[in-house]
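A.B. asks: Compact mmCIF, C-alpha atoms and all ligand atoms, saved as start.txt, coming up:
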```
# COMPACT_ATOMS: atom_id res chain seq x y z
CA MET L 1 0.00 0.00 0.00
CA ARG L 2 1.51 3.33 -1.07
CA THR L 3 0.87 6.44 1.01
CA VAL L 4 0.52 9.94 -0.37
CA ALA L 5 0.51 13.05 1.82
CA THR L 6 -2.58 15.25 1.42
CA ASP L 7 -2.33 18.92 0.47
CA ALA L 8 -1.91 19.92 4.09
CA GLU L 9 1.18 17.70 4.45
CA THR L 10 -0.14 16.55 7.79
CA THR L 11 -2.39 13.68 8.72
CA PRO L 12 -4.74 12.40 7.40
CA TYR L 13 -2.93 10.53 4.69
CA LEU L 14 -4.30 9.24 1.45
CA VAL L 15 -3.61 5.57 0.81
CA ASP L 16 -3.87 3.94 -2.59
CA LEU L 17 -6.02 0.86 -2.14
CA SER L 18 -5.12 -2.18 -4.21
CA PRO L 19 -7.89 -4.69 -5.02
CA GLN L 20 -6.47 -6.97 -2.31
CA GLU L 21 -6.44 -4.11 0.18
CA ILE L 22 -10.04 -3.04 -0.42
CA ARG L 23 -11.18 -6.65 -0.09
CA ARG L 24 -9.34 -6.92 3.23
CA ARG L 25 -10.67 -3.60 4.48
CA LEU L 26 -14.18 -3.97 3.08
CA PRO L 27 -16.01 -3.96 6.46
CA GLU L 28 -14.28 -0.68 7.40
CA ALA L 29 -14.95 0.86 4.03
CA LEU L 30 -18.62 -0.14 4.07
CA ALA L 31 -19.03 1.15 7.63
CA ILE L 32 -17.88 4.59 6.42
CA TYR L 33 -20.29 4.40 3.50
CA VAL L 34 -23.27 3.51 5.72
CA GLU L 35 -22.45 6.19 8.30
CA ALA L 36 -21.70 8.93 5.76
CA MET L 37 -24.85 8.26 3.74
CA GLY L 38 -27.00 7.84 6.87
CA TYR L 39 -28.22 4.44 5.70
CA PRO L 40 -29.70 1.92 8.15
CA ARG L 41 -27.31 -0.54 9.73
CA GLY L 42 -27.27 -3.74 7.74
CA THR L 43 -27.09 -1.95 4.39
CA GLU L 44 -23.43 -2.96 4.22
CA TYR L 45 -24.35 -6.63 3.88
CA HIS L 46 -26.33 -5.92 0.71
CA ARG L 47 -23.61 -3.73 -0.75
CA ALA L 48 -20.63 -5.96 -0.03
CA PRO L 49 -21.06 -8.33 -3.03
CA MET L 50 -21.50 -5.34 -5.34
CA TRP L 51 -18.34 -3.60 -4.13
CA ILE L 52 -16.41 -6.89 -4.51
CA GLU L 53 -17.70 -7.31 -8.05
CA HIS L 54 -16.75 -3.71 -8.89
CA VAL L 55 -13.14 -4.37 -7.88
CA SER L 56 -12.76 -6.79 -10.80
CA ARG L 57 -13.96 -4.26 -13.40
CA PRO L 58 -11.41 -2.90 -15.89
CA GLY L 59 -9.67 0.24 -14.73
CA TRP L 60 -10.74 -0.08 -11.08
CA ARG L 61 -8.91 2.33 -8.79
CA GLY L 62 -9.43 2.90 -5.07
CA VAL L 63 -8.16 5.48 -2.58
CA GLY L 64 -8.66 5.72 1.16
CA ALA L 65 -7.57 7.99 3.99
CA VAL L 66 -6.20 7.20 7.43
CA LEU L 67 -5.50 9.48 10.36
CA SER L 68 -2.06 8.28 11.42
CA THR L 69 -0.25 5.20 10.12
CA PRO L 70 -1.20 3.40 6.89
CA ASP L 71 -2.69 0.53 8.90
CA ALA L 72 -4.88 2.80 11.03
CA PRO L 73 -8.63 2.54 10.42
CA LEU L 74 -9.92 4.17 7.26
CA VAL L 75 -11.72 7.50 7.66
CA ALA L 76 -12.57 7.86 3.98
CA VAL L 77 -12.90 5.71 0.90
CA ALA L 78 -13.40 6.35 -2.80
CA TYR L 79 -13.28 4.20 -5.90
CA GLY L 80 -14.28 4.04 -9.52
CA TYR L 81 -13.57 2.19 -12.77
CA HIS L 82 -13.74 2.48 -16.52
CA GLY L 83 -17.35 2.84 -17.67
CA ALA L 84 -18.58 0.26 -20.21
CA ARG L 85 -21.71 -0.44 -22.17
CA ASN L 86 -22.46 -3.76 -20.43
CA GLN L 87 -22.73 -2.04 -17.03
CA TRP L 88 -26.10 -1.34 -15.42
CA TRP L 89 -25.24 2.27 -14.53
CA HIS L 90 -24.12 2.96 -18.11
CA GLN L 91 -27.35 1.52 -19.54
CA GLN L 92 -29.46 3.52 -17.13
CA VAL L 93 -27.71 6.78 -17.95
CA ARG L 94 -27.86 6.00 -21.69
CA ASP L 95 -31.65 5.50 -21.43
CA GLY L 96 -31.97 8.67 -19.38
CA LEU L 97 -30.06 10.71 -21.94
CA ARG L 98 -32.17 9.26 -24.75
CA LYS L 99 -35.39 10.15 -22.91
CA SER L 100 -34.04 13.66 -22.40
CA GLY L 101 -33.85 14.06 -26.16
CA TYR L 102 -30.12 13.61 -26.78
CA THR L 103 -29.18 12.18 -30.17
CA ASP L 104 -27.36 8.83 -30.29
CA GLU L 105 -24.29 10.61 -31.59
CA HIS L 106 -24.30 13.00 -28.64
CA ILE L 107 -24.88 10.14 -26.18
CA ASP L 108 -21.96 8.18 -27.65
CA GLY L 109 -19.80 11.27 -27.22
CA ILE L 110 -20.71 11.41 -23.52
CA LEU L 111 -20.46 7.68 -22.80
CA ASP L 112 -17.76 6.34 -25.09
CA ASP L 113 -14.78 6.88 -22.77
CA TYR L 114 -15.33 7.79 -19.13
CA PHE L 115 -14.24 6.91 -15.62
CA GLU L 116 -17.20 6.31 -13.31
CA LEU L 117 -16.57 7.82 -9.89
CA THR L 118 -18.70 5.24 -8.15
CA GLU L 119 -18.23 5.82 -4.42
CA LEU L 120 -16.85 8.73 -2.39
CA HIS L 121 -17.40 8.84 1.36
CA VAL L 122 -15.76 10.54 4.31
CA THR L 123 -16.64 9.61 7.88
CA PRO L 124 -18.77 12.45 9.36
CA SER L 125 -16.19 13.57 11.94
CA ALA L 126 -13.58 14.09 9.19
CA GLN L 127 -15.83 15.89 6.70
CA GLY L 128 -15.36 19.49 5.61
CA HIS L 129 -11.55 19.50 5.83
CA GLY L 130 -10.65 18.89 2.20
CA LEU L 131 -10.45 15.10 2.30
CA GLY L 132 -13.20 14.60 -0.27
CA ARG L 133 -11.43 16.98 -2.60
CA ALA L 134 -8.06 15.26 -2.08
CA LEU L 135 -9.54 11.80 -2.66
CA THR L 136 -11.27 12.92 -5.85
CA ARG L 137 -8.14 14.52 -7.24
CA ARG L 138 -6.04 11.46 -6.38
CA LEU L 139 -8.55 9.09 -7.97
CA LEU L 140 -8.62 11.11 -11.18
CA GLN L 141 -4.89 11.71 -11.45
CA ASP L 142 -3.40 10.40 -14.72
CA ARG L 143 -6.56 8.59 -15.77
CA PRO L 144 -6.58 7.57 -19.43
CA GLU L 145 -10.29 8.34 -19.97
CA LYS L 146 -11.72 11.42 -21.69
CA SER L 147 -14.03 12.33 -18.81
CA VAL L 148 -15.33 11.42 -15.37
CA LEU L 149 -19.02 10.86 -14.61
CA LEU L 150 -20.79 10.36 -11.29
CA SER L 151 -24.31 10.32 -9.88
CA THR L 152 -25.39 11.98 -6.67
CA PRO L 153 -28.82 12.41 -5.03
CA GLU L 154 -30.60 15.67 -5.81
CA VAL L 155 -30.93 17.98 -2.82
CA VAL L 156 -32.75 21.29 -2.57
CA GLN L 157 -30.58 24.11 -3.91
CA GLU L 158 -27.58 21.74 -4.12
CA GLU L 159 -27.17 22.42 -0.39
CA ASN L 160 -24.92 19.66 0.87
CA ARG L 161 -21.19 18.92 1.00
CA ALA L 162 -21.22 16.57 -1.95
CA TRP L 163 -22.80 19.18 -4.21
CA ARG L 164 -20.57 21.96 -2.94
CA LEU L 165 -17.52 19.78 -3.53
CA TYR L 166 -18.50 18.74 -7.05
CA ARG L 167 -19.36 22.28 -8.08
CA ARG L 168 -16.11 23.62 -6.58
CA LEU L 169 -14.25 21.01 -8.59
CA GLY L 170 -16.04 22.13 -11.75
CA PHE L 171 -18.43 19.23 -12.37
CA GLU L 172 -21.25 20.11 -14.77
CA ASP L 173 -24.76 18.75 -15.34
CA VAL L 174 -25.18 15.76 -17.62
CA LEU L 175 -28.65 14.69 -16.41
CA ARG L 176 -30.84 16.19 -13.70
CA ASN L 177 -33.72 14.72 -11.69
CA PHE L 178 -33.03 11.30 -13.08
CA THR L 179 -34.42 8.18 -11.44
CA PHE L 180 -32.58 4.88 -11.66
CA SER L 181 -34.71 1.72 -11.89
CA GLY L 182 -35.65 0.48 -8.45
CA ASP L 183 -34.92 3.77 -6.66
CA ARG L 184 -37.50 6.54 -6.37
CA ARG L 185 -35.00 9.21 -5.36
CA PRO L 186 -34.03 11.73 -8.04
CA PHE L 187 -30.35 11.83 -8.92
CA ALA L 188 -28.11 14.11 -10.90
CA VAL L 189 -25.46 12.78 -13.23
CA LEU L 190 -22.50 15.15 -13.31
CA GLY L 191 -19.41 15.14 -15.47
CA HIS L 192 -16.00 16.71 -15.89
CA ALA L 193 -13.44 16.50 -18.69
CA LEU L 194 -10.13 14.74 -18.03
CA PRO L 195 -7.30 15.38 -17.38
CA PHE L 196 -8.47 16.91 -14.15
CA GLU L 197 -6.76 20.23 -13.43
C1 LIG L 201 -19.31 14.43 0.05
C2 LIG L 201 -18.07 14.13 0.86
C3 LIG L 201 -17.40 12.88 0.30
C4 LIG L 201 -17.10 15.30 0.74
O1 LIG L 201 -15.97 15.04 1.53
P1 LIG L 201 -15.42 16.20 2.52
O2 LIG L 201 -14.11 15.77 3.01
O3 LIG L 201 -16.46 16.54 3.48
O4 LIG L 201 -15.28 17.34 1.42
P2 LIG L 201 -14.25 18.54 1.35
O5 LIG L 201 -13.95 19.02 2.72
O6 LIG L 201 -13.12 18.16 0.47
O7 LIG L 201 -15.12 19.55 0.52
C5 LIG L 201 -16.38 19.91 0.93
C6 LIG L 201 -16.33 21.27 1.51
O8 LIG L 201 -15.14 21.98 1.20
C7 LIG L 201 -15.44 23.06 0.27
N1 LIG L 201 -14.39 23.11 -0.76
C8 LIG L 201 -13.96 22.12 -1.54
N2 LIG L 201 -12.98 22.56 -2.35
C9 LIG L 201 -12.82 23.87 -2.04
C10 LIG L 201 -11.95 24.89 -2.51
N3 LIG L 201 -11.06 24.67 -3.48
N4 LIG L 201 -12.05 26.11 -1.95
C11 LIG L 201 -12.94 26.35 -0.98
N5 LIG L 201 -13.76 25.43 -0.50
C12 LIG L 201 -13.71 24.21 -1.02
C13 LIG L 201 -16.75 22.73 -0.25
O9 LIG L 201 -17.43 23.84 -0.73
C14 LIG L 201 -17.40 22.13 0.98
O10 LIG L 201 -17.68 23.14 1.92
P3 LIG L 201 -18.42 22.91 3.31
O11 LIG L 201 -17.38 22.35 4.26
O12 LIG L 201 -18.88 24.26 3.69
O13 LIG L 201 -19.53 21.94 3.10
C15 LIG L 201 -18.40 13.90 2.35
O14 LIG L 201 -18.89 15.10 2.91
C16 LIG L 201 -19.37 12.76 2.57
O15 LIG L 201 -18.96 11.61 2.69
N6 LIG L 201 -20.67 13.10 2.64
C17 LIG L 201 -21.69 12.09 2.88
C18 LIG L 201 -21.73 11.04 1.81
C19 LIG L 201 -21.90 11.60 0.43
O16 LIG L 201 -22.71 12.51 0.23
N7 LIG L 201 -21.15 11.03 -0.52
C20 LIG L 201 -21.23 11.41 -1.88
C21 LIG L 201 -22.39 10.73 -2.47
S1 LIG L 201 -22.39 10.94 -4.19
```
Show me this structure written as structure tokens.
C.D. replies:
Amino acid sequence: MRTVATDAETTPYLVDLSPQEIRRRLPEALAIYVEAMGYPRGTEYHRAPMWIEHVSRPGWRGVGAVLSTPDAPLVAVAYGYHGARNQWWHQQVRDGLRKSGYTDEHIDGILDDYFELTELHVTPSAQGHGLGRALTRRLLQDRPEKSVLLSTPEVVQEENRAWRLYRRLGFEDVLRNFTFSGDRRPFAVLGHALPFE
């Protein structure tokens, strides 16, 4: 596991997570996810197989953060992978773009070569200190794709940390008020060109 100092050159540290490392630290990582998202306890058991499957996708990259030594408990986790047509998220977004009136040519331009920023979570006590920004930048550093796409729940007036972070980083609307199959909540799909400045 390689460690990378954050902007502040103090703790917390970013740690590059290998596939083996994320599998080993999955309970910790999922605990952060459940706490940060405010999901009911037990959600982690449903998500675990999905996160494990994601690790095997082409272009998977993961980053975490720890407060002291590299083996200290994670306080943040983020990962993503190369988007591809056979993926559920890709198909859903493709359908959403089509329903929004985009031409197939335009849709192909958006979806032909992107990194999906799939998960980004910071434990509540460590939020608001630049970790989310550092994780995002690390994850997107030297990616070969043309762009990065992500989805995030809609909130009134974009008033939460995730929205503030994405807007500060320059993410722009791709789809708004979009509902994925099986989830009633409206989401936004946001995107940013790569390389990431
Ligand atoms: C969203 C989340 C990952 C962001 O991580 P974070 O460490 O809290 O984020 P950061 O501190 O890097 O950035 C967020 C804050 O810094 C500000 N910020 C970021 N970059 C900035 C910059 N260059 N200059 C000034 N402010 C900046 C943001 O506006 C935001 O401000 P706030 O503290 O007033 O809310 C984290 O808050 C979280 O896990 N939230 C719950 C789960 C979640 O929503 N996950 C994303 C789902 S898609």
A.B. asks: Could you list, as a list in words, all the residues within 6 Å of ligand LIG 201 (chain L), counting all atoms listed in the file?
C.D. replies: Ala36, Met37, Leu120, His121, Val122, Gln127, Gly128, His129, Gly130, Leu131, Gly132, Arg133, Thr152, Arg161, Ala162, Arg164, Leu165 and Arg168 of chain L
A.B. asks: Can you write just those residues out, C-alpha atoms, as a compact mmCIF listing (two decimals), in the frame of the given file?
C.D. replies:
```txt
# COMPACT_ATOMS: atom_id res chain seq x y z
CA ALA L 36 -21.70 8.93 5.76
CA MET L 37 -24.85 8.26 3.74
CA LEU L 120 -16.85 8.73 -2.39
CA HIS L 121 -17.40 8.84 1.36
CA VAL L 122 -15.76 10.54 4.31
CA GLN L 127 -15.83 15.89 6.70
CA GLY L 128 -15.36 19.49 5.61
CA HIS L 129 -11.55 19.50 5.83
CA GLY L 130 -10.65 18.89 2.20
CA LEU L 131 -10.45 15.10 2.30
CA GLY L 132 -13.20 14.60 -0.27
CA ARG L 133 -11.43 16.98 -2.60
CA THR L 152 -25.39 11.98 -6.67
CA ARG L 161 -21.19 18.92 1.00
CA ALA L 162 -21.22 16.57 -1.95
CA ARG L 164 -20.57 21.96 -2.94
CA LEU L 165 -17.52 19.78 -3.53
CA ARG L 168 -16.11 23.62 -6.58
```
A.B. asks: For CA of Ala134 (chain L) and CA of Leu117 (chain L), quote the distance in Å rounded to one decimal.
C.D. replies: 13.7 Å
A.B. asks: Find the residues near Gly109 (chain L): any atom within 12 Å, counting only C-alpha atoms, skip ones fewer than 4 places away on the same chain, and give them as a PyMOL selection string.
C.D. replies: chain L and resi 94+97+102-105+113-114+146-147+174+193
A.B. asks: Create the file for the chosen residues now, containing C-alpha atoms and written as a CSV table (one decimal), in the frame of the given file.
C.D. replies:
```csv
chain,number,residue,atom,x,y,z
L,94,ARG,CA,-27.9,6.0,-21.7
L,97,LEU,CA,-30.1,10.7,-21.9
L,102,TYR,CA,-30.1,13.6,-26.8
L,103,THR,CA,-29.2,12.2,-30.2
L,104,ASP,CA,-27.4,8.8,-30.3
L,105,GLU,CA,-24.3,10.6,-31.6
L,113,ASP,CA,-14.8,6.9,-22.8
L,114,TYR,CA,-15.3,7.8,-19.1
L,146,LYS,CA,-11.7,11.4,-21.7
L,147,SER,CA,-14.0,12.3,-18.8
L,174,VAL,CA,-25.2,15.8,-17.6
L,193,ALA,CA,-13.4,16.5,-18.7
```
A.B. asks: Of the residues L:Leu135, L:Leu150, L:Val63, L:Leu190, which is the one nearest to Glu116 (chain L), using all atoms listed in the file?
C.D. replies: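 Answer, going by the shortest atom-to-atom distance: L:Leu150.
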A.B. asks: Give me the region 145-193 of chain L side of the contact with region 71-88 of chain L, cut-off 10 Å, one line per residue showing its nearest atom pair and distance in Å at one decimal, counting only C-alpha atoms, sorted by chain and residue number, as a Markdown table.
C.D. replies:
```
| residue | atom | partner | partner_atom | distance |
| --- | --- | --- | --- | --- |
| L:Glu145 | CA | L:His82 | CA | 7.6 |
| L:Val148 | CA | L:Gly83 | CA | 9.1 |
| L:Leu149 | CA | L:Gly83 | CA | 8.7 |
| L:Leu150 | CA | L:Gly80 | CA | 9.2 |
| L:Phe180 | CA | L:Trp88 | CA | 9.7 |
| L:Ser181 | CA | L:Trp88 | CA | 9.8 |
```
A.B. asks: Work out how far CA of Trp89 (chain L) is from CA of Thr179 (chain L), in Å to one decimal.
C.D. replies: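 Between CA of Thr179 (chain L) and CA of Trp89 (chain L) the gap works out to 11.3 Å.
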A.B. asks: Find the distance between CA of Asp108 (chain L) and CA of Arg47 (chain L) and write it in Å to one decimal.
C.D. replies: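 So the two atoms, CA of Asp108 (chain L) and CA of Arg47 (chain L), lie 29.5 Å apart.
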A.B. asks: Mind working out the centre and edge lengths of an axis-aligned box for region 162-176 of chain L, all listed atoms inside, 4 Å added to each side, rounded to one decimal in Å and written as lines of an AutoDock Vina configuration file?
C.D. replies:
```
center_x = -22.5
center_y = 19.2
center_z = -9.8
size_x = 24.6
size_y = 16.9
size_z = 23.7
```
A.B. asks: Using all atoms listed in the file, can you tell me which of L:Asn177, L:Ser100, L:Asn160, L:Thr123 comes closest to Glu35 (chain L)?
C.D. replies: L:Thr123
A.B. asks: Please, can region 23-40 of chain L be completed to N, CA, C and O atoms and returned as a PDB file, keeping the file's coordinate frame?
C.D. replies:
```pdb
ATOM      1  N   ARG L  23     -10.467  -5.434  -0.520  1.00  0.00           N
ATOM      2  CA  ARG L  23     -11.180  -6.650  -0.090  1.00  0.00           C
ATOM      3  C   ARG L  23     -10.931  -6.887   1.400  1.00  0.00           C
ATOM      4  O   ARG L  23     -11.854  -7.176   2.154  1.00  0.00           O
ATOM      5  N   ARG L  24      -9.695  -6.705   1.816  1.00  0.00           N
ATOM      6  CA  ARG L  24      -9.340  -6.920   3.230  1.00  0.00           C
ATOM      7  C   ARG L  24     -10.026  -5.895   4.135  1.00  0.00           C
ATOM      8  O   ARG L  24     -10.466  -6.209   5.233  1.00  0.00           O
ATOM      9  N   ARG L  25     -10.136  -4.668   3.646  1.00  0.00           N
ATOM     10  CA  ARG L  25     -10.670  -3.600   4.480  1.00  0.00           C
ATOM     11  C   ARG L  25     -12.138  -3.291   4.180  1.00  0.00           C
ATOM     12  O   ARG L  25     -12.653  -2.238   4.562  1.00  0.00           O
ATOM     13  N   LEU L  26     -12.797  -4.219   3.500  1.00  0.00           N
ATOM     14  CA  LEU L  26     -14.180  -3.970   3.080  1.00  0.00           C
ATOM     15  C   LEU L  26     -15.133  -3.621   4.230  1.00  0.00           C
ATOM     16  O   LEU L  26     -15.912  -2.669   4.108  1.00  0.00           O
ATOM     17  N   PRO L  27     -15.093  -4.328   5.366  1.00  0.00           N
ATOM     18  CA  PRO L  27     -16.010  -3.960   6.460  1.00  0.00           C
ATOM     19  C   PRO L  27     -15.811  -2.516   6.912  1.00  0.00           C
ATOM     20  O   PRO L  27     -16.778  -1.783   7.142  1.00  0.00           O
ATOM     21  N   GLU L  28     -14.557  -2.087   7.027  1.00  0.00           N
ATOM     22  CA  GLU L  28     -14.280  -0.680   7.400  1.00  0.00           C
ATOM     23  C   GLU L  28     -14.821   0.288   6.368  1.00  0.00           C
ATOM     24  O   GLU L  28     -15.424   1.307   6.688  1.00  0.00           O
ATOM     25  N   ALA L  29     -14.546  -0.030   5.109  1.00  0.00           N
ATOM     26  CA  ALA L  29     -14.950   0.860   4.030  1.00  0.00           C
ATOM     27  C   ALA L  29     -16.473   0.981   3.974  1.00  0.00           C
ATOM     28  O   ALA L  29     -17.028   2.076   3.834  1.00  0.00           O
ATOM     29  N   LEU L  30     -17.155  -0.157   4.127  1.00  0.00           N
ATOM     30  CA  LEU L  30     -18.620  -0.140   4.070  1.00  0.00           C
ATOM     31  C   LEU L  30     -19.219   0.550   5.295  1.00  0.00           C
ATOM     32  O   LEU L  30     -20.274   1.185   5.200  1.00  0.00           O
ATOM     33  N   ALA L  31     -18.538   0.460   6.428  1.00  0.00           N
ATOM     34  CA  ALA L  31     -19.030   1.150   7.630  1.00  0.00           C
ATOM     35  C   ALA L  31     -18.998   2.664   7.400  1.00  0.00           C
ATOM     36  O   ALA L  31     -19.918   3.394   7.807  1.00  0.00           O
ATOM     37  N   ILE L  32     -17.956   3.157   6.735  1.00  0.00           N
ATOM     38  CA  ILE L  32     -17.880   4.590   6.420  1.00  0.00           C
ATOM     39  C   ILE L  32     -19.020   4.978   5.479  1.00  0.00           C
ATOM     40  O   ILE L  32     -19.694   5.994   5.667  1.00  0.00           O
ATOM     41  N   TYR L  33     -19.222   4.153   4.477  1.00  0.00           N
ATOM     42  CA  TYR L  33     -20.290   4.400   3.500  1.00  0.00           C
ATOM     43  C   TYR L  33     -21.666   4.502   4.196  1.00  0.00           C
ATOM     44  O   TYR L  33     -22.416   5.449   3.970  1.00  0.00           O
ATOM     45  N   VAL L  34     -21.960   3.537   5.063  1.00  0.00           N
ATOM     46  CA  VAL L  34     -23.270   3.510   5.720  1.00  0.00           C
ATOM     47  C   VAL L  34     -23.438   4.715   6.640  1.00  0.00           C
ATOM     48  O   VAL L  34     -24.482   5.374   6.655  1.00  0.00           O
ATOM     49  N   GLU L  35     -22.378   5.066   7.369  1.00  0.00           N
ATOM     50  CA  GLU L  35     -22.450   6.190   8.300  1.00  0.00           C
ATOM     51  C   GLU L  35     -22.554   7.518   7.526  1.00  0.00           C
ATOM     52  O   GLU L  35     -23.382   8.374   7.836  1.00  0.00           O
ATOM     53  N   ALA L  36     -21.717   7.669   6.509  1.00  0.00           N
ATOM     54  CA  ALA L  36     -21.700   8.930   5.760  1.00  0.00           C
ATOM     55  C   ALA L  36     -23.022   9.174   5.043  1.00  0.00           C
ATOM     56  O   ALA L  36     -23.516  10.300   4.984  1.00  0.00           O
ATOM     57  N   MET L  37     -23.602   8.116   4.496  1.00  0.00           N
ATOM     58  CA  MET L  37     -24.850   8.260   3.740  1.00  0.00           C
ATOM     59  C   MET L  37     -26.073   8.239   4.660  1.00  0.00           C
ATOM     60  O   MET L  37     -27.197   8.473   4.202  1.00  0.00           O
ATOM     61  N   GLY L  38     -25.868   7.906   5.937  1.00  0.00           N
ATOM     62  CA  GLY L  38     -27.000   7.840   6.870  1.00  0.00           C
ATOM     63  C   GLY L  38     -27.933   6.688   6.578  1.00  0.00           C
ATOM     64  O   GLY L  38     -29.135   6.759   6.851  1.00  0.00           O
ATOM     65  N   TYR L  39     -27.393   5.595   6.027  1.00  0.00           N
ATOM     66  CA  TYR L  39     -28.220   4.440   5.700  1.00  0.00           C
ATOM     67  C   TYR L  39     -28.400   3.578   6.949  1.00  0.00           C
ATOM     68  O   TYR L  39     -27.567   3.597   7.864  1.00  0.00           O
ATOM     69  N   PRO L  40     -29.494   2.784   6.976  1.00  0.00           N
ATOM     70  CA  PRO L  40     -29.700   1.920   8.150  1.00  0.00           C
ATOM     71  C   PRO L  40     -28.612   0.866   8.260  1.00  0.00           C
ATOM     72  O   PRO L  40     -28.069   0.411   7.250  1.00  0.00           O
TER      73      PRO L  40
END
```
